[in-house]
>>> print(open('my_file.cif').read())   # mmCIF, C-alpha atoms
data_entry
loop_
_atom_site.group_PDB
_atom_site.id
_atom_site.type_symbol
_atom_site.label_atom_id
_atom_site.label_comp_id
_atom_site.auth_asym_id
_atom_site.auth_seq_id
_atom_site.Cartn_x
_atom_site.Cartn_y
_atom_site.Cartn_z
ATOM 1 C CA MET A 1 132.633 18.688 -73.067
ATOM 2 C CA ASP A 2 133.270 17.041 -69.699
ATOM 3 C CA SER A 3 130.870 14.112 -69.197
ATOM 4 C CA PHE A 4 130.010 15.223 -65.654
ATOM 5 C CA LEU A 5 129.097 18.734 -66.823
ATOM 6 C CA LEU A 6 127.090 17.275 -69.707
ATOM 7 C CA TYR A 7 125.206 15.062 -67.220
ATOM 8 C CA LEU A 8 124.291 18.070 -65.062
ATOM 9 C CA ILE A 9 123.110 20.081 -68.071
ATOM 10 C CA ILE A 10 120.929 17.236 -69.333
ATOM 11 C CA MET A 11 119.600 16.505 -65.831
ATOM 12 C CA ASN A 12 118.581 20.124 -65.268
ATOM 13 C CA VAL A 13 116.858 20.365 -68.646
ATOM 14 C CA VAL A 14 115.000 17.110 -67.963
ATOM 15 C CA THR A 15 114.068 18.325 -64.472
ATOM 16 C CA PHE A 16 112.659 21.583 -65.795
ATOM 17 C CA LEU A 17 110.629 19.705 -68.406
ATOM 18 C CA ALA A 18 109.392 17.165 -65.824
ATOM 19 C CA PHE A 19 108.175 19.903 -63.481
ATOM 20 C CA THR A 20 106.625 21.778 -66.399
ATOM 21 C CA VAL A 21 104.675 18.707 -67.523
ATOM 22 C CA ASP A 22 103.675 18.005 -63.919
ATOM 23 C CA PHE A 23 102.424 21.573 -63.487
ATOM 24 C CA PHE A 24 100.058 21.307 -66.452
ATOM 25 C CA LEU A 25 98.929 17.800 -65.490
ATOM 26 C CA CYS A 26 98.065 19.095 -62.020
ATOM 27 C CA MET A 27 96.087 21.928 -63.628
ATOM 28 C CA VAL A 28 93.963 19.284 -65.369
ATOM 29 C CA ASN A 29 93.877 16.877 -62.416
ATOM 30 C CA PRO A 30 94.267 18.737 -59.079
ATOM 31 C CA ASP A 31 94.261 15.446 -57.146
ATOM 32 C CA LEU A 32 97.638 14.646 -58.687
ATOM 33 C CA ASP A 33 99.131 17.658 -56.915
ATOM 34 C CA ASN A 34 98.321 16.058 -53.554
ATOM 35 C CA SER A 35 99.650 12.633 -54.508
ATOM 36 C CA ALA A 36 102.545 11.439 -52.340
ATOM 37 C CA ALA A 37 103.794 9.228 -55.172
ATOM 38 C CA ASN A 38 103.895 12.197 -57.532
ATOM 39 C CA SER A 39 105.895 14.259 -55.021
ATOM 40 C CA LEU A 40 108.355 11.444 -54.340
ATOM 41 C CA ILE A 41 109.013 10.924 -58.040
ATOM 42 C CA LEU A 42 109.683 14.623 -58.568
ATOM 43 C CA ASP A 43 111.916 14.743 -55.468
ATOM 44 C CA VAL A 44 114.352 12.394 -57.239
ATOM 45 C CA PHE A 45 115.233 14.988 -59.892
ATOM 46 C CA PRO A 46 116.927 17.640 -57.700
ATOM 47 C CA ILE A 47 118.623 14.946 -55.634
ATOM 48 C CA ALA A 48 120.055 13.522 -58.873
ATOM 49 C CA GLY A 49 121.504 16.908 -59.826
ATOM 50 C CA GLY A 50 118.587 18.873 -61.279
ATOM 51 C CA ALA A 51 118.316 21.541 -58.578
ATOM 52 C CA VAL A 52 118.773 24.457 -60.990
ATOM 53 C CA GLY A 53 116.082 23.106 -63.299
ATOM 54 C CA MET A 54 113.728 22.638 -60.345
ATOM 55 C CA LEU A 55 114.308 26.167 -59.043
ATOM 56 C CA LEU A 56 113.763 27.578 -62.517
ATOM 57 C CA ALA A 57 110.511 25.607 -62.901
ATOM 58 C CA LEU A 58 109.282 26.727 -59.468
ATOM 59 C CA PHE A 59 110.094 30.324 -60.325
ATOM 60 C CA VAL A 60 108.422 30.184 -63.756
ATOM 61 C CA TRP A 61 105.337 28.177 -62.854
ATOM 62 C CA GLY A 62 105.026 28.542 -59.088
ATOM 63 C CA GLY A 63 103.637 32.068 -59.196
ATOM 64 C CA LEU A 64 100.874 31.428 -61.712
ATOM 65 C CA GLY A 65 97.449 31.775 -60.167
ATOM 66 C CA ARG A 66 98.862 32.512 -56.695
ATOM 67 C CA GLY A 67 99.635 35.604 -54.658
ATOM 68 C CA HIS A 68 103.327 34.825 -54.403
ATOM 69 C CA ARG A 69 105.750 32.216 -55.706
ATOM 70 C CA MET A 70 106.861 30.642 -52.427
ATOM 71 C CA ASN A 71 103.968 29.517 -50.253
ATOM 72 C CA LYS A 72 103.008 26.803 -47.768
ATOM 73 C CA GLY A 73 102.026 24.493 -50.591
ATOM 74 C CA ASN A 74 105.434 24.424 -52.261
ATOM 75 C CA ILE A 75 107.930 25.642 -49.653
ATOM 76 C CA ALA A 76 109.302 22.128 -49.052
ATOM 77 C CA TRP A 77 110.183 21.864 -52.759
ATOM 78 C CA TRP A 78 111.880 25.250 -52.746
ATOM 79 C CA PHE A 79 114.094 24.290 -49.835
ATOM 80 C CA LEU A 80 114.786 20.811 -51.222
ATOM 81 C CA ALA A 81 116.003 22.477 -54.424
ATOM 82 C CA ILE A 82 118.111 25.011 -52.490
ATOM 83 C CA VAL A 83 119.712 22.289 -50.346
ATOM 84 C CA CYS A 84 120.445 20.131 -53.401
ATOM 85 C CA LEU A 85 121.893 23.168 -55.177
ATOM 86 C CA ILE A 86 124.276 23.715 -52.252
ATOM 87 C CA VAL A 87 125.335 20.061 -52.170
ATOM 88 C CA TRP A 88 125.844 19.777 -55.916
ATOM 89 C CA GLY A 89 127.567 23.164 -55.949
ATOM 90 C CA LEU A 90 130.149 21.855 -53.484
ATOM 91 C CA VAL A 91 130.606 18.749 -55.642
ATOM 92 C CA VAL A 92 131.120 20.862 -58.772
ATOM 93 C CA VAL A 93 133.631 23.136 -57.023
ATOM 94 C CA ALA A 94 135.701 20.120 -55.946
ATOM 95 C CA LYS A 95 135.240 18.253 -59.231
ATOM 96 C CA PHE A 96 136.627 21.054 -61.388
ATOM 97 C CA GLY A 97 139.488 21.874 -59.038
ATOM 98 C CA LEU A 98 138.213 25.270 -57.946
ATOM 99 C CA ILE A 99 139.161 24.216 -54.434
ATOM 100 C CA THR A 100 141.580 21.498 -53.297
ATOM 101 C CA LEU A 101 140.265 19.321 -50.493
ATOM 102 C CA ASP A 102 142.426 17.520 -47.948
ATOM 103 C CA ALA A 103 140.090 14.724 -46.873
ATOM 104 C CA SER A 104 142.674 12.854 -44.788
ATOM 105 C CA ILE A 105 142.113 12.354 -41.055
ATOM 106 C CA ASP A 106 144.940 14.776 -40.319
ATOM 107 C CA GLY A 107 143.482 17.284 -42.741
ATOM 108 C CA ILE A 108 140.122 17.132 -40.984
ATOM 109 C CA LEU A 109 141.342 17.181 -37.376
ATOM 110 C CA SER A 110 144.231 19.639 -37.556
ATOM 111 C CA GLY A 111 145.002 23.086 -38.919
ATOM 112 C CA TRP A 112 141.832 24.844 -37.768
ATOM 113 C CA ASP A 113 142.055 28.640 -37.770
ATOM 114 C CA LEU A 114 141.014 29.551 -34.211
ATOM 115 C CA GLY A 115 140.353 33.171 -35.130
ATOM 116 C CA LYS A 116 137.891 32.199 -37.856
ATOM 117 C CA LEU A 117 136.339 29.547 -35.588
ATOM 118 C CA ARG A 118 135.742 32.217 -32.951
ATOM 119 C CA ILE A 119 133.990 34.437 -35.498
ATOM 120 C CA LEU A 120 131.948 31.448 -36.705
ATOM 121 C CA GLY A 121 131.016 30.603 -33.099
ATOM 122 C CA ILE A 122 129.819 34.165 -32.408
ATOM 123 C CA TYR A 123 127.835 34.164 -35.660
ATOM 124 C CA LEU A 124 126.138 30.856 -34.805
ATOM 125 C CA ALA A 125 125.399 31.892 -31.219
ATOM 126 C CA VAL A 126 123.762 35.157 -32.297
ATOM 127 C CA LEU A 127 121.899 33.540 -35.191
ATOM 128 C CA ASN A 128 120.495 30.735 -33.016
ATOM 129 C CA VAL A 129 119.232 33.227 -30.444
ATOM 130 C CA ILE A 130 117.577 35.228 -33.238
ATOM 131 C CA THR A 131 116.033 32.037 -34.650
ATOM 132 C CA LEU A 132 114.726 30.941 -31.248
ATOM 133 C CA VAL A 133 113.156 34.374 -30.696
ATOM 134 C CA ALA A 134 111.634 34.327 -34.206
ATOM 135 C CA PHE A 135 109.993 30.949 -33.563
ATOM 136 C CA ALA A 136 108.761 32.044 -30.122
ATOM 137 C CA TRP A 137 107.388 35.316 -31.497
ATOM 138 C CA ASP A 138 105.571 33.539 -34.325
ATOM 139 C CA LYS A 139 104.044 31.137 -31.810
ATOM 140 C CA HIS A 140 102.956 34.073 -29.632
ATOM 141 C CA VAL A 141 101.306 35.833 -32.570
ATOM 142 C CA ALA A 142 99.624 32.593 -33.673
ATOM 143 C CA GLU A 143 98.047 32.232 -30.227
ATOM 144 C CA SER A 144 97.136 35.929 -29.941
ATOM 145 C CA GLY A 145 94.687 36.385 -32.778
ATOM 146 C CA ASN A 146 96.837 34.888 -35.538
ATOM 147 C CA ASP A 147 97.420 38.216 -37.321
ATOM 148 C CA TYR A 148 99.109 37.080 -40.541
ATOM 149 C CA GLY A 149 100.593 40.530 -41.005
ATOM 150 C CA ARG A 150 102.694 39.959 -37.888
ATOM 151 C CA ARG A 151 103.480 36.286 -38.436
ATOM 152 C CA ALA A 152 106.960 35.174 -39.475
ATOM 153 C CA PRO A 153 106.700 33.459 -42.883
ATOM 154 C CA GLU A 154 107.754 29.805 -42.909
ATOM 155 C CA ALA A 155 110.346 30.682 -45.561
ATOM 156 C CA ARG A 156 111.994 33.110 -43.138
ATOM 157 C CA LEU A 157 112.044 30.574 -40.297
ATOM 158 C CA LEU A 158 113.431 27.837 -42.530
ATOM 159 C CA GLY A 159 115.931 30.272 -44.033
ATOM 160 C CA LEU A 160 117.269 31.190 -40.586
ATOM 161 C CA CYS A 161 117.641 27.499 -39.812
ATOM 162 C CA LEU A 162 119.333 26.718 -43.122
ATOM 163 C CA VAL A 163 122.065 29.319 -42.608
ATOM 164 C CA GLY A 164 122.960 28.029 -39.153
ATOM 165 C CA GLY A 165 120.067 28.624 -36.774
ATOM 166 C CA SER A 166 118.661 25.086 -36.649
ATOM 167 C CA VAL A 167 119.662 24.447 -33.030
ATOM 168 C CA GLY A 168 117.735 27.525 -31.901
ATOM 169 C CA GLY A 169 114.818 26.453 -34.078
ATOM 170 C CA MET A 170 114.765 22.946 -32.619
ATOM 171 C CA ILE A 171 114.960 24.307 -29.059
ATOM 172 C CA ALA A 172 112.018 26.604 -29.801
ATOM 173 C CA MET A 173 110.040 23.774 -31.402
ATOM 174 C CA ASN A 174 110.376 21.720 -28.225
ATOM 175 C CA VAL A 175 109.985 24.537 -25.685
ATOM 176 C CA VAL A 176 107.096 26.516 -27.190
ATOM 177 C CA ARG A 177 105.752 23.597 -29.280
ATOM 178 C CA HIS A 178 105.767 25.480 -32.571
ATOM 179 C CA LYS A 179 105.849 23.913 -36.068
ATOM 180 C CA THR A 180 105.999 20.454 -34.494
ATOM 181 C CA LYS A 181 103.389 19.100 -36.925
ATOM 182 C CA LYS A 182 105.094 20.432 -40.062
ATOM 183 C CA TRP A 183 107.197 17.612 -41.481
ATOM 184 C CA HIS A 184 109.533 19.974 -43.323
ATOM 185 C CA PHE A 185 110.469 21.473 -39.952
ATOM 186 C CA VAL A 186 110.600 18.188 -38.045
ATOM 187 C CA TRP A 187 112.852 16.540 -40.630
ATOM 188 C CA GLY A 188 114.357 19.623 -42.215
ATOM 189 C CA LEU A 189 116.025 21.159 -39.168
ATOM 190 C CA PRO A 190 118.087 18.069 -38.201
ATOM 191 C CA PHE A 191 119.133 17.749 -41.834
ATOM 192 C CA PHE A 192 120.118 21.425 -41.927
ATOM 193 C CA ILE A 193 122.377 20.829 -38.915
ATOM 194 C CA ILE A 194 124.081 17.940 -40.721
ATOM 195 C CA LEU A 195 124.404 20.040 -43.879
ATOM 196 C CA ASP A 196 125.864 23.011 -41.984
ATOM 197 C CA ILE A 197 128.424 20.769 -40.250
ATOM 198 C CA ALA A 198 129.332 19.249 -43.635
ATOM 199 C CA VAL A 199 129.797 22.733 -45.149
ATOM 200 C CA VAL A 200 132.082 23.781 -42.266
ATOM 201 C CA LEU A 201 134.152 20.600 -42.652
ATOM 202 C CA TYR A 202 134.264 21.120 -46.414
ATOM 203 C CA ALA A 203 135.503 24.691 -45.910
ATOM 204 C CA HIS A 204 138.158 23.448 -43.490
ATOM 205 C CA MET A 205 139.346 20.710 -45.826
ATOM 206 C CA GLY A 206 139.615 23.388 -48.498
ATOM 207 C CA GLY A 207 141.801 25.519 -46.238
ATOM 208 C CA LEU A 208 139.218 28.257 -45.697
ATOM 209 C CA ILE A 209 138.779 27.765 -41.933
#
>>> encode(input="my_file.cif", output="structure tokens")
Amino acid sequence: MDSFLLYLIIMNVVTFLAFTVDFFLCMVNPDLDNSAANSLILDVFPIAGGAVGMLLALFVWGGLGRGHRMNKGNIAWWFLAIVCLIVWGLVVVAKFGLITLDASIDGILSGWDLGKLRILGIYLAVLNVITLVAFAWDKHVAESGNDYGRRAPEARLLGLCLVGGSVGGMIAMNVVRHKTKKWHFVWGLPFFIILDIAVVLYAHMGGLI
């Protein structure tokens, strides 16, 4: 078996076990769940390649004793795992030759498909307007009685940003002052922009755009 693939398998098994042990330890000692050190240690696992194991652990254990699996208490972990899964997925695709990348300067700067870029530009423009409106609407509802049935879930707002709407989200955060105290929005949206640019460049180097 390829050593890189073996590493990923072992890392994801270890990650699942680490999150499983942490879940039961936090059941015994709830203070551990709020420990910054504990969170930072667990954050290392998906970054090191264990995103699948983390997602599986969140899915298996995250819904126990709660109304739904993804909530404000664990949403940052869900999106960290999703982002790491995307990054490692791109690495795996390139590593096993499923796509050939031209990482030369000429490969990056030339050969762009203008038709596909136009479609991408329209998609991003529409998505960022939708994201801006979603943030503004959620802020409006929050200030008008805070009816949770009408609020936009944080997962939806972050999801819109992850798939390309971060600029609209950041504009809304600064204009209507919404989610400005949530660190996963403050730090997450700029990172999403970097990730989205990297994905577009990756697709271009692979001859897809």
>>> closest_residue(input="my_file.cif", among="A:Ala57, A:Phe96, A:Lys139, A:Phe16", to="Trp78 (chain A)", atoms="all atoms listed in the file")
A:Ala57
>>> residues_around(input="my_file.cif", residues="Phe45 (chain A)", least_positions_apart="4", cutoff="8 Å", atoms="all atoms listed in the file", output="ChimeraX atom specification")
/A:11,15,41,49-51,54
>>> atom_distance(input="my_file.cif", atom1="CA of Ser166 (chain A)", atom2="CA of Ile105 (chain A)")
27.0 Å
>>> atom_distance(input="my_file.cif", atom1="CA of Leu90 (chain A)", atom2="CA of Ile122 (chain A)")
24.4 Å
>>> closest_residue(input="my_file.cif", among="A:Ile209, A:Val167, A:Leu117, A:Leu109", to="Ile130 (chain A)", atoms="all atoms listed in the file")
A:Val167
>>> closest_residue(input="my_file.cif", among="A:Ile86, A:Ile171, A:Leu158, A:Val13", to="Val199 (chain A)", atoms="only C-alpha atoms")
A:Ile86
>>> atom_distance(input="my_file.cif", atom1="CA of Phe79 (chain A)", atom2="CA of Pro46 (chain A)")
10.7 Å
>>> resolve_selection(input="my_file.cif", expression="the PyMOL selection byres ((chain A and resi 58) around 10)", output="PyMOL selection string")
chain A and resi 16+19-20+23+52-57+59-64+69-70+74-75+77-78+81
>>> write_last_selection(input="my_file.cif", atoms="C-alpha atoms", output="compact mmCIF listing (two decimals), keeping the file's coordinate frame")
# COMPACT_ATOMS: atom_id res chain seq x y z
CA PHE A 16 112.66 21.58 -65.80
CA PHE A 19 108.18 19.90 -63.48
CA THR A 20 106.62 21.78 -66.40
CA PHE A 23 102.42 21.57 -63.49
CA VAL A 52 118.77 24.46 -60.99
CA GLY A 53 116.08 23.11 -63.30
CA MET A 54 113.73 22.64 -60.34
CA LEU A 55 114.31 26.17 -59.04
CA LEU A 56 113.76 27.58 -62.52
CA ALA A 57 110.51 25.61 -62.90
CA PHE A 59 110.09 30.32 -60.32
CA VAL A 60 108.42 30.18 -63.76
CA TRP A 61 105.34 28.18 -62.85
CA GLY A 62 105.03 28.54 -59.09
CA GLY A 63 103.64 32.07 -59.20
CA LEU A 64 100.87 31.43 -61.71
CA ARG A 69 105.75 32.22 -55.71
CA MET A 70 106.86 30.64 -52.43
CA ASN A 74 105.43 24.42 -52.26
CA ILE A 75 107.93 25.64 -49.65
CA TRP A 77 110.18 21.86 -52.76
CA TRP A 78 111.88 25.25 -52.75
CA ALA A 81 116.00 22.48 -54.42
>>> closest_residue(input="my_file.cif", among="A:Val91, A:Leu195, A:Asn38, A:Pro190", to="Ala18 (chain A)", atoms="all atoms listed in the file")
A:Asn38
>>> closest_residue(input="my_file.cif", among="A:Ile197, A:Val93, A:Ala172, A:Leu101", to="Phe185 (chain A)", atoms="all atoms listed in the file")
A:Ala172
>>> resolve_selection(input="my_file.cif", expression="the PyMOL selection byres ((chain A and resi 161) around 10)", output="PyMOL selection string")
chain A and resi 127-128+131-132+155-160+162-170+185+188-190+192-193+196
>>> axis_aligned_box(input="my_file.cif", around="region 194-204 of chain A", padding_each_side="4 Å", output="AutoDock Vina command-line options")
--center_x 131.1 --center_y 21.3 --center_z -43.3 --size_x 22.1 --size_y 14.8 --size_z 14.2
>>> residues_around(input="my_file.cif", residues="Gly111 (chain A)", least_positions_apart="4", cutoff="10 Å", atoms="only C-alpha atoms", output="ChimeraX atom specification")
/A:106-107,204-205,207,209
>>> closest_residue(input="my_file.cif", among="A:Asp31, A:Leu5, A:Tyr148, A:Val200", to="Lys95 (chain A)", atoms="all atoms listed in the file")
A:Leu5
